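Chemist: The structure that follows is given in the form of structure tokens.
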4 protein chains.
Amino acid sequence: MGNHQYSAVILGVGPERGLGATLAKQFACKGLHVFIAGRNEEKLNIVADNISANGGKVTTVIADAIKEYDVNHLFEVIKLHKTPLHIAAYNVDSNIPSSLLEMETETFTHLWQQNCLGAFLFAKEAIACMKPNQQGSLFFTGATASLRAKPPFTAFSSAKSALRALAQGLAREFSPEGIHVVHTIIDGVINGDRAEQQFPEYFNSKGQDGLLKLEAIAETYWSIHCQHPSAWTHELDLRPFKEPF
Amino acid sequence: MGNHQYSAVILGVGPERGLGATLAKQFACKGLHVFIAGRNEEKLNIVADNISANGGKVTTVIADAIKEYDVNHLFEVIKLHKTPLHIAAYNVDSNIPSSLLEMETETFTHLWQQNCLGAFLFAKEAIACMKPNQQGSLFFTGATASLRAKPPFTAFSSAKSALRALAQGLAREFSPEGIHVVHTIIDGVINGDRAEQQFPEYFNSKGQDGLLKLEAIAETYWSIHCQHPSAWTHELDLRPFKEPF
Amino acid sequence: MGNHQYSAVILGVGPERGLGATLAKQFACKGLHVFIAGRNEEKLNIVADNISANGGKVTTVIADAIKEYDVNHLFEVIKLHKTPLHIAAYNVDSNIPSSLLEMETETFTHLWQQNCLGAFLFAKEAIACMKPNQQGSLFFTGATASLRAKPPFTAFSSAKSALRALAQGLAREFSPEGIHVVHTIIDGVINGDRAEQQFPEYFNSKGQDGLLKLEAIAETYWSIHCQHPSAWTHELDLRPFKEPF
Amino acid sequence: MGNHQYSAVILGVGPERGLGATLAKQFACKGLHVFIAGRNEEKLNIVADNISANGGKVTTVIADAIKEYDVNHLFEVIKLHKTPLHIAAYNVDSNIPSSLLEMETETFTHLWQQNCLGAFLFAKEAIACMKPNQQGSLFFTGATASLRAKPPFTAFSSAKSALRALAQGLAREFSPEGIHVVHTIIDGVINGDRAEQQFPEYFNSKGQDGLLKLEAIAETYWSIHCQHPSAWTHELDLRPFKEPF
């Protein structure tokens with residue numbers, strides 16, 4: 001594990017069986033020091049304990065992605081640590097289905113803040129860290145809704161479309177400076193705690209073959225991170241083989 | 001002019017030679033009572049005087065598109081008037097070019113509020129007015145940046161992409177109830193006051209053939225409004241014939 | 001009807017209640033001399049008689065769109081007539097659903113020839129006619145499948161995607177020379193003879209509100225043709241208000 | 001190298017420093033028996049010798065991708081060999097820039113045949129081989145032009161768009177049966193013999209950082225092949241970090 005001189009940060013780490021936690025484990029397992037951030041201290045600690053128990057190096061930072069102060073503080077912790085930041089993954093994702101007519105302004109705004117504004121705050125700090133070294137991968141997690149707006153997910157889709165354009169603009173601006181900006185389109189339901197709890201019936205209707213395995217997603221993130229700069233991927237979809245699309 | 005029993009509302013009416021004002025003139029000219037709204041009373045009055053002088057019916061309402069109170073008040077005025085609302089056009093458009101690293105959070109947020117949040121507030125009210133009659137056209141004005149994010153317009157593109165998804169979701173949700181939701185992609189520079197003042201050199205470099213004529217845009221909005229419900233257009237581009245794309 | 005000094009050509013005119021025939025009637029009604037072409041002489045004559053009976057000017061030309069000789073001959077007839085060509089619409093459309101594994105090479109090729117190769121042959125001739133006058137509208141009729149490939153329509157989608165790219169490239173190349181190239185995306189079932197005969201059950205399941213009216217489509221084609229060159233539309237969708245999308 | 005029980009086929013193997021040859025070397029290096037096919041026997045032999053010299057297993061088959069007989073024969077050779085086919089890559093790519101007006105029908109047709117028809121023939125055979133085992137990866141190589149048609153590459157773009165739709169339809173039809181269909185979008189110039197010979201000035205203007213490394217592309221193809229079926233990528237772009245897009 002000779003990579004401890006490098007670090008990764010994941011903002012949006014929640015339940016043990018979630019994408020944030022799985023990315024953290026994956027990157028720790030590859031030898032990076034991982035900074036994991038989220039709103040829930042207890043959940044962060046569970047993930048951190050698991051990583052430590054497997055010999056990984058991890059630091060937890062409590063942070064609400066939509067608060068500029070929190071995001072800045074997260075990166076101050078990272079900078080103090082002095083290991084070059086190689087991966088930054090924004091993994092906050094918020095979805096509230098509703099008819100547009102019944103959606104409160106506050107909810108509409110909140111979805112945008114979590115899916116897009118937080119990504120903006122995170123990206124600014126991550127790129128500022130990475131630019132001096134002219135390297136680093138910056139991941140944003142999108143969804144089917146990033147490409148198509150279908151009710152009752154219009155507000156979510158609006159926010160995810162905003163995120164996708166942000167990622168695309170960042171790629172165009174910072175790729176030439178060595179920052180690999182990646183936007184993934186998760187097309188389907190992740191086999192994790194969140195979907196299982198939020199939409200148990202839908203979750204179960206998918207069956208094992210119809211759900212995205214967390215480790216499989218993390219594996220692809222790692223492959224994309226390892227791409228040679230002469231052939232970088234900016235956008236790719238990830239979908240269970242049985243998922244209709 | 002036997003259409004005075006119908007009305008149209010345009011939110012985002014500014015300079016005399018701007019798209020909001022031109023749409024207002026066009027709809028008034030077709031016989032609709034037009035409600036024109038914007039932040040600047042003086043500008044609204046100039047447009048209103050011009051419409052009245054040409055025999056049109058017009059009401060001005062001072063409103064900031066991103067303030068829920070203002071948007072709701074606008075529609076209260078409209079509802080008091082009791083003429084069925086046939087057209088609602090959201091024409092607020094705000095663009096501040098910048099490297100993402102140098103963009104303030106406030107600016108990033110403000111661009112989203114003006115290009116997308118205001119459209120959400122406006123759409124909710126307009127659809128609530130139109131639904132009981134099962135008819136009405138709801139226009140959103142997009143841009144090239146709605147489809148592609150290029151620096152230094154990343155923040156603008158993010159906001160316009162959010163708007164586009166909003167419009168698409170609204171179309172899917174409310175078309176079957178008789179609301180015609182339209183998203184136009186203005187690909188190029190409008191031959192109006194704003195571009196001339198903001199980017200005089202770029203504006204002049206385009207030449208006459210490279211600029212979109214205001215009246216030509218308004219003409220197409222009217223044609224699309226007049227479409228039979230069996231063949232509605234949801235999205236279309238508008239571009240000067242000389243514009244490279 | 002002072003437009004007889006201008007002409008229009010539609011390639012792909014079949015049944016009386018079809019899009020080709022309806023476009024021909026529409027353009028004739030606006031005063032253009034229409035050249036209508038297709039493989040079936042009898043059908044052409046029925047359409048022509050109807051146009052003549054309504055005071056329109058019409059010429060029939062038997063032509064198979066995928067035969068270069070036929071397409072060239074069609075334009076020789078047009079050139080002999082000496083009225084400047086203002087509209088050219090390629091309206092050939094061929095769709096054979098099948099699993100890809102069971103599709104014959106001949107069928108796959110034929111779908112491409114009818115949906116795309118014929119359009120290429122037609123476009124070359126039409127543009128050659130229009131260029132000297134620096135004006136003219138060139139229409140291609142696409143479908144939902146132009147944007148998404150879904151089995152059992154993969155071969156159709158492949159051909160329509162090829163057509164869409166052709167239209168886009170033509171627009172980029174010839175718009176600056178005054179040729180208005182338009183690609184329409186018909187998203188739904190046309191209320192005409194073809195769909196009624198080919199898929200009677202599907203056709204009937206749509207109900208009146210779920211089918212595109214031929215005259216409504218033709219109306220939009222005409223509006224787009226009439227656009228001022230400072231604000232041309234290259235692509236637009238057309239869809240019944242009740243159609244899910 | 002315990003993988004010799006599996007095989008891969010690449011159709012479109014030409015120069016030693018080309019994508020076809022590099023994919024073949026990569027797959028052979030991972031232990032698969034590779035079938036390499038193309039029109040030029042001499043080139044195939046050079047690639048095969050190189051693979052053999054490195055301990056790989058390889059079979060050459062002379063085949064013109066657009067001839068059904070040749071493609072069928074290629075797969076008969078593969079079937080005789082009895083090792084399950086795990087990867088099939090269609091790598092034929094043909095591009096002839098031209099104004100549409102000056103392009104011969106034969107050239108337009110030929111571009112489609114090489115970029116799309118050959119892929120259809122190849123896919124049918126490859127899927128028929130893979131279906132009984134419910135596994136296998138099927139790769140199609142696309143280009144920037146698969147997404148946007150720009151002159152003088154309109155014909156190429158039309159053909160590549162047709163290929164993209166074919167790939168998408170195949171993915172929708174056969175993913176549920178275990179076939180992983182992948183469409184890559186190569187956005188930029190490959191650092192290989194072909195571009196260097198065809199467009200030497202353009203090639204050189206790109207500089208080392210502006211060209212796609214062959215091995216880097218092959219590395220990503222392999223990663224995508226190795227994805228777990230619960231999180232398959234159907235489409236991804238590959239682009240040098242310095243490439244404007």
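Naming works like this for the structure tokens: A, B, ... for the chains as they're shown, residue 1 at the start of each chain, ligands 1 onward in shown order.
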Name the residues of stretch 85-192 of chain A that fall into alpha helix (DSSP H) according to DSSP on the backbone, using the chain letters and numbers of this document, as number ranges by chain.

Modeler: A: 105-112, 118-130, 154-174

Chemist: Quick check: residues of chain C within 10 Å of chain B, only C-alpha atoms, returned as number ranges by chain.

Modeler: C: 168, 171-181, 184-188, 190-191, 208-220, 222-224, 226-245

Chemist: As a VMD selection string, please: the residues near B:Ala126 (cut-off 9 Å, only C-alpha atoms, same-chain neighbours under 3 positions excluded).

Modeler: chain B and resid 9 75 85 87 to 88 121 to 123 129 to 131 136 138

Chemist: Write a file of the selected residues as a tab-separated table (two decimals), in the first residue's frame, keeping N, CA, C and O atoms.

Modeler:
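Once everything was written out, this is selection.tsv:
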```tsv
chain	number	residue	atom	x	y	z
B	9	VAL	N	-49.23	37.01	-20.88
B	9	VAL	CA	-48.36	37.63	-19.90
B	9	VAL	C	-46.91	37.36	-20.29
B	9	VAL	O	-46.58	36.25	-20.71
B	75	PHE	N	-49.84	37.34	-10.99
B	75	PHE	CA	-50.95	36.50	-11.44
B	75	PHE	C	-52.26	36.87	-10.75
B	75	PHE	O	-53.34	36.62	-11.29
B	85	LEU	N	-56.21	33.43	-19.79
B	85	LEU	CA	-54.80	33.56	-20.14
B	85	LEU	C	-54.46	32.55	-21.22
B	85	LEU	O	-54.54	31.34	-20.99
B	87	ILE	N	-51.45	32.90	-23.31
B	87	ILE	CA	-50.00	32.79	-23.53
B	87	ILE	C	-49.28	33.30	-22.29
B	87	ILE	O	-49.63	34.35	-21.75
B	88	ALA	N	-48.28	32.55	-21.87
B	88	ALA	CA	-47.41	33.01	-20.79
B	88	ALA	C	-45.97	32.78	-21.24
B	88	ALA	O	-45.60	31.66	-21.58
B	121	LEU	N	-41.45	29.43	-10.58
B	121	LEU	CA	-42.51	30.21	-9.92
B	121	LEU	C	-43.57	30.64	-10.93
B	121	LEU	O	-44.78	30.55	-10.69
B	122	PHE	N	-43.09	31.11	-12.07
B	122	PHE	CA	-43.96	31.59	-13.14
B	122	PHE	C	-44.82	30.46	-13.69
B	122	PHE	O	-46.03	30.61	-13.89
B	123	ALA	N	-44.19	29.31	-13.92
B	123	ALA	CA	-44.89	28.18	-14.53
B	123	ALA	C	-46.02	27.69	-13.62
B	123	ALA	O	-47.12	27.38	-14.10
B	129	CYS	N	-53.53	28.92	-13.76
B	129	CYS	CA	-54.51	29.75	-14.50
B	129	CYS	C	-55.07	29.02	-15.70
B	129	CYS	O	-56.25	29.16	-16.04
B	130	MET	N	-54.20	28.31	-16.41
B	130	MET	CA	-54.59	27.73	-17.70
B	130	MET	C	-55.33	26.41	-17.57
B	130	MET	O	-56.17	26.08	-18.42
B	131	LYS	N	-54.99	25.64	-16.56
B	131	LYS	CA	-55.53	24.28	-16.45
B	131	LYS	C	-57.04	24.20	-16.50
B	131	LYS	O	-57.60	23.34	-17.20
B	136	GLY	N	-53.64	26.86	-23.38
B	136	GLY	CA	-52.68	27.90	-23.11
B	136	GLY	C	-51.30	27.47	-23.54
B	136	GLY	O	-50.97	26.29	-23.53
B	138	LEU	N	-47.15	28.04	-22.95
B	138	LEU	CA	-46.19	28.47	-21.95
B	138	LEU	C	-44.81	28.42	-22.59
B	138	LEU	O	-44.33	27.35	-22.93
```

Chemist: Which residues are near stretch 45-55 of chain B? Cut-off 10 Å, only C-alpha atoms, ignore same chain within fewer than 5 positions. Put them as a PyMOL selection string.

Modeler: chain B and resi 1+13-17+20-22+24-29+31+34-36+40+60-61

Chemist: Could you dump the residues just selected with N, CA, C and O atoms as a PDB file, in the first residue's frame?

Modeler:
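To be explicit, this is the file written out as result-v3.pdb:
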```pdb
ATOM      1  N   MET B   1     -59.925  43.366 -34.233  1.00  0.00           N
ATOM      2  CA  MET B   1     -59.204  42.925 -33.030  1.00  0.00           C
ATOM      3  C   MET B   1     -60.163  42.316 -32.020  1.00  0.00           C
ATOM      4  O   MET B   1     -60.373  42.830 -30.935  1.00  0.00           O
ATOM      5  N   VAL B  13     -39.790  41.860 -19.162  1.00  0.00           N
ATOM      6  CA  VAL B  13     -39.866  42.889 -20.199  1.00  0.00           C
ATOM      7  C   VAL B  13     -38.950  44.027 -19.776  1.00  0.00           C
ATOM      8  O   VAL B  13     -39.082  44.569 -18.682  1.00  0.00           O
ATOM      9  N   GLY B  14     -37.985  44.332 -20.632  1.00  0.00           N
ATOM     10  CA  GLY B  14     -37.016  45.372 -20.328  1.00  0.00           C
ATOM     11  C   GLY B  14     -36.979  46.418 -21.428  1.00  0.00           C
ATOM     12  O   GLY B  14     -37.991  47.073 -21.683  1.00  0.00           O
ATOM     13  N   PRO B  15     -35.855  46.513 -22.120  1.00  0.00           N
ATOM     14  CA  PRO B  15     -35.709  47.575 -23.112  1.00  0.00           C
ATOM     15  C   PRO B  15     -36.678  47.421 -24.291  1.00  0.00           C
ATOM     16  O   PRO B  15     -37.085  46.316 -24.637  1.00  0.00           O
ATOM     17  N   GLU B  16     -37.022  48.552 -24.858  1.00  0.00           N
ATOM     18  CA  GLU B  16     -37.904  48.624 -26.031  1.00  0.00           C
ATOM     19  C   GLU B  16     -37.474  47.638 -27.115  1.00  0.00           C
ATOM     20  O   GLU B  16     -38.288  46.930 -27.677  1.00  0.00           O
ATOM     21  N   ARG B  17     -36.186  47.613 -27.391  1.00  0.00           N
ATOM     22  CA  ARG B  17     -35.680  46.656 -28.392  1.00  0.00           C
ATOM     23  C   ARG B  17     -35.124  45.420 -27.675  1.00  0.00           C
ATOM     24  O   ARG B  17     -33.921  45.189 -27.639  1.00  0.00           O
ATOM     25  N   GLY B  20     -38.653  40.545 -24.726  1.00  0.00           N
ATOM     26  CA  GLY B  20     -39.882  40.666 -23.937  1.00  0.00           C
ATOM     27  C   GLY B  20     -40.815  41.703 -24.540  1.00  0.00           C
ATOM     28  O   GLY B  20     -42.004  41.443 -24.769  1.00  0.00           O
ATOM     29  N   ALA B  21     -40.289  42.882 -24.822  1.00  0.00           N
ATOM     30  CA  ALA B  21     -41.093  43.963 -25.390  1.00  0.00           C
ATOM     31  C   ALA B  21     -41.656  43.574 -26.757  1.00  0.00           C
ATOM     32  O   ALA B  21     -42.810  43.881 -27.081  1.00  0.00           O
ATOM     33  N   THR B  22     -40.851  42.895 -27.543  1.00  0.00           N
ATOM     34  CA  THR B  22     -41.298  42.534 -28.892  1.00  0.00           C
ATOM     35  C   THR B  22     -42.401  41.488 -28.852  1.00  0.00           C
ATOM     36  O   THR B  22     -43.365  41.551 -29.628  1.00  0.00           O
ATOM     37  N   ALA B  24     -44.492  41.188 -26.436  1.00  0.00           N
ATOM     38  CA  ALA B  24     -45.671  41.929 -25.957  1.00  0.00           C
ATOM     39  C   ALA B  24     -46.352  42.656 -27.113  1.00  0.00           C
ATOM     40  O   ALA B  24     -47.579  42.599 -27.282  1.00  0.00           O
ATOM     41  N   LYS B  25     -45.554  43.335 -27.916  1.00  0.00           N
ATOM     42  CA  LYS B  25     -46.124  44.055 -29.063  1.00  0.00           C
ATOM     43  C   LYS B  25     -46.809  43.100 -30.022  1.00  0.00           C
ATOM     44  O   LYS B  25     -47.899  43.370 -30.530  1.00  0.00           O
ATOM     45  N   GLN B  26     -46.152  41.978 -30.270  1.00  0.00           N
ATOM     46  CA  GLN B  26     -46.693  40.988 -31.202  1.00  0.00           C
ATOM     47  C   GLN B  26     -48.047  40.456 -30.709  1.00  0.00           C
ATOM     48  O   GLN B  26     -49.023  40.410 -31.468  1.00  0.00           O
ATOM     49  N   PHE B  27     -48.100  40.076 -29.434  1.00  0.00           N
ATOM     50  CA  PHE B  27     -49.333  39.496 -28.912  1.00  0.00           C
ATOM     51  C   PHE B  27     -50.435  40.566 -28.850  1.00  0.00           C
ATOM     52  O   PHE B  27     -51.606  40.286 -29.135  1.00  0.00           O
ATOM     53  N   ALA B  28     -50.070  41.791 -28.481  1.00  0.00           N
ATOM     54  CA  ALA B  28     -51.051  42.885 -28.447  1.00  0.00           C
ATOM     55  C   ALA B  28     -51.594  43.125 -29.847  1.00  0.00           C
ATOM     56  O   ALA B  28     -52.794  43.349 -30.058  1.00  0.00           O
ATOM     57  N   CYS B  29     -50.704  43.067 -30.791  1.00  0.00           N
ATOM     58  CA  CYS B  29     -51.053  43.304 -32.190  1.00  0.00           C
ATOM     59  C   CYS B  29     -52.013  42.229 -32.701  1.00  0.00           C
ATOM     60  O   CYS B  29     -52.838  42.481 -33.583  1.00  0.00           O
ATOM     61  N   GLY B  31     -54.241  41.083 -30.901  1.00  0.00           N
ATOM     62  CA  GLY B  31     -55.513  41.333 -30.243  1.00  0.00           C
ATOM     63  C   GLY B  31     -55.603  40.849 -28.807  1.00  0.00           C
ATOM     64  O   GLY B  31     -56.666  40.945 -28.183  1.00  0.00           O
ATOM     65  N   VAL B  34     -52.246  42.323 -23.103  1.00  0.00           N
ATOM     66  CA  VAL B  34     -50.953  41.836 -22.597  1.00  0.00           C
ATOM     67  C   VAL B  34     -50.621  42.417 -21.227  1.00  0.00           C
ATOM     68  O   VAL B  34     -50.741  43.615 -20.988  1.00  0.00           O
ATOM     69  N   PHE B  35     -50.187  41.530 -20.371  1.00  0.00           N
ATOM     70  CA  PHE B  35     -49.642  41.923 -19.075  1.00  0.00           C
ATOM     71  C   PHE B  35     -48.132  41.857 -19.198  1.00  0.00           C
ATOM     72  O   PHE B  35     -47.590  40.799 -19.526  1.00  0.00           O
ATOM     73  N   ILE B  36     -47.486  42.985 -18.976  1.00  0.00           N
ATOM     74  CA  ILE B  36     -46.027  42.970 -19.087  1.00  0.00           C
ATOM     75  C   ILE B  36     -45.430  43.246 -17.714  1.00  0.00           C
ATOM     76  O   ILE B  36     -45.853  44.145 -16.991  1.00  0.00           O
ATOM     77  N   ASN B  40     -38.170  47.108 -13.945  1.00  0.00           N
ATOM     78  CA  ASN B  40     -37.937  48.515 -14.205  1.00  0.00           C
ATOM     79  C   ASN B  40     -39.207  49.216 -14.706  1.00  0.00           C
ATOM     80  O   ASN B  40     -39.623  49.039 -15.865  1.00  0.00           O
ATOM     81  N   THR B  60     -49.227  47.032 -16.988  1.00  0.00           N
ATOM     82  CA  THR B  60     -47.869  46.810 -16.488  1.00  0.00           C
ATOM     83  C   THR B  60     -47.915  46.363 -15.029  1.00  0.00           C
ATOM     84  O   THR B  60     -48.756  46.811 -14.255  1.00  0.00           O
ATOM     85  N   VAL B  61     -47.004  45.469 -14.689  1.00  0.00           N
ATOM     86  CA  VAL B  61     -46.880  45.017 -13.300  1.00  0.00           C
ATOM     87  C   VAL B  61     -45.381  44.971 -12.956  1.00  0.00           C
ATOM     88  O   VAL B  61     -44.615  44.286 -13.644  1.00  0.00           O
TER      89      VAL B  61
END
```

Chemist: Which value, in Å to one decimal, gives the distance between atom CA of C:Tyr6 and atom CA of C:Lys82?

Modeler: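 Taking atom CA of C:Tyr6 as the start and atom CA of C:Lys82 as the end point, the length is 8.9 Å.
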
Chemist: Which is closer to B:Gln134 than all the others in B:Gly192, B:Ile10, B:Pro84, B:Gln5, using only C-alpha atoms?

Modeler: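 Selected residue with least distance to B:Gln134: B:Pro84.
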
Chemist: Might you pull out every residue within 10 Å of B:Arg164, with only C-alpha atoms counted and same-chain residues fewer than 2 positions away left off, and present them as a ChimeraX atom specification?

Modeler: /A:148-149,157-158,161-162 /B:115-116,140-143,146-147,158-162,166-170,182-185,235

Chemist: Can you check which residues of stretch 21-167 of chain A DSSP gives as strand (DSSP E) on the backbone and send them as a list in words?

Modeler: His33, Val34, Phe35, Ile36, Ala37, Gly38, Val58, Thr59, Thr60, Val61, Ile62, Leu85, His86, Ile87, Ala88, Ala89, Tyr90, Gly136, Ser137, Leu138, Phe139, Phe140, Thr141, Gly142 and Ala143 of chain A

Chemist: What does the distance from atom CA of B:Phe120 to atom CA of A:Ala119 come to in Å, to one decimal?

Modeler: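 Pair atom CA of B:Phe120 / atom CA of A:Ala119 returns 21.5 Å.
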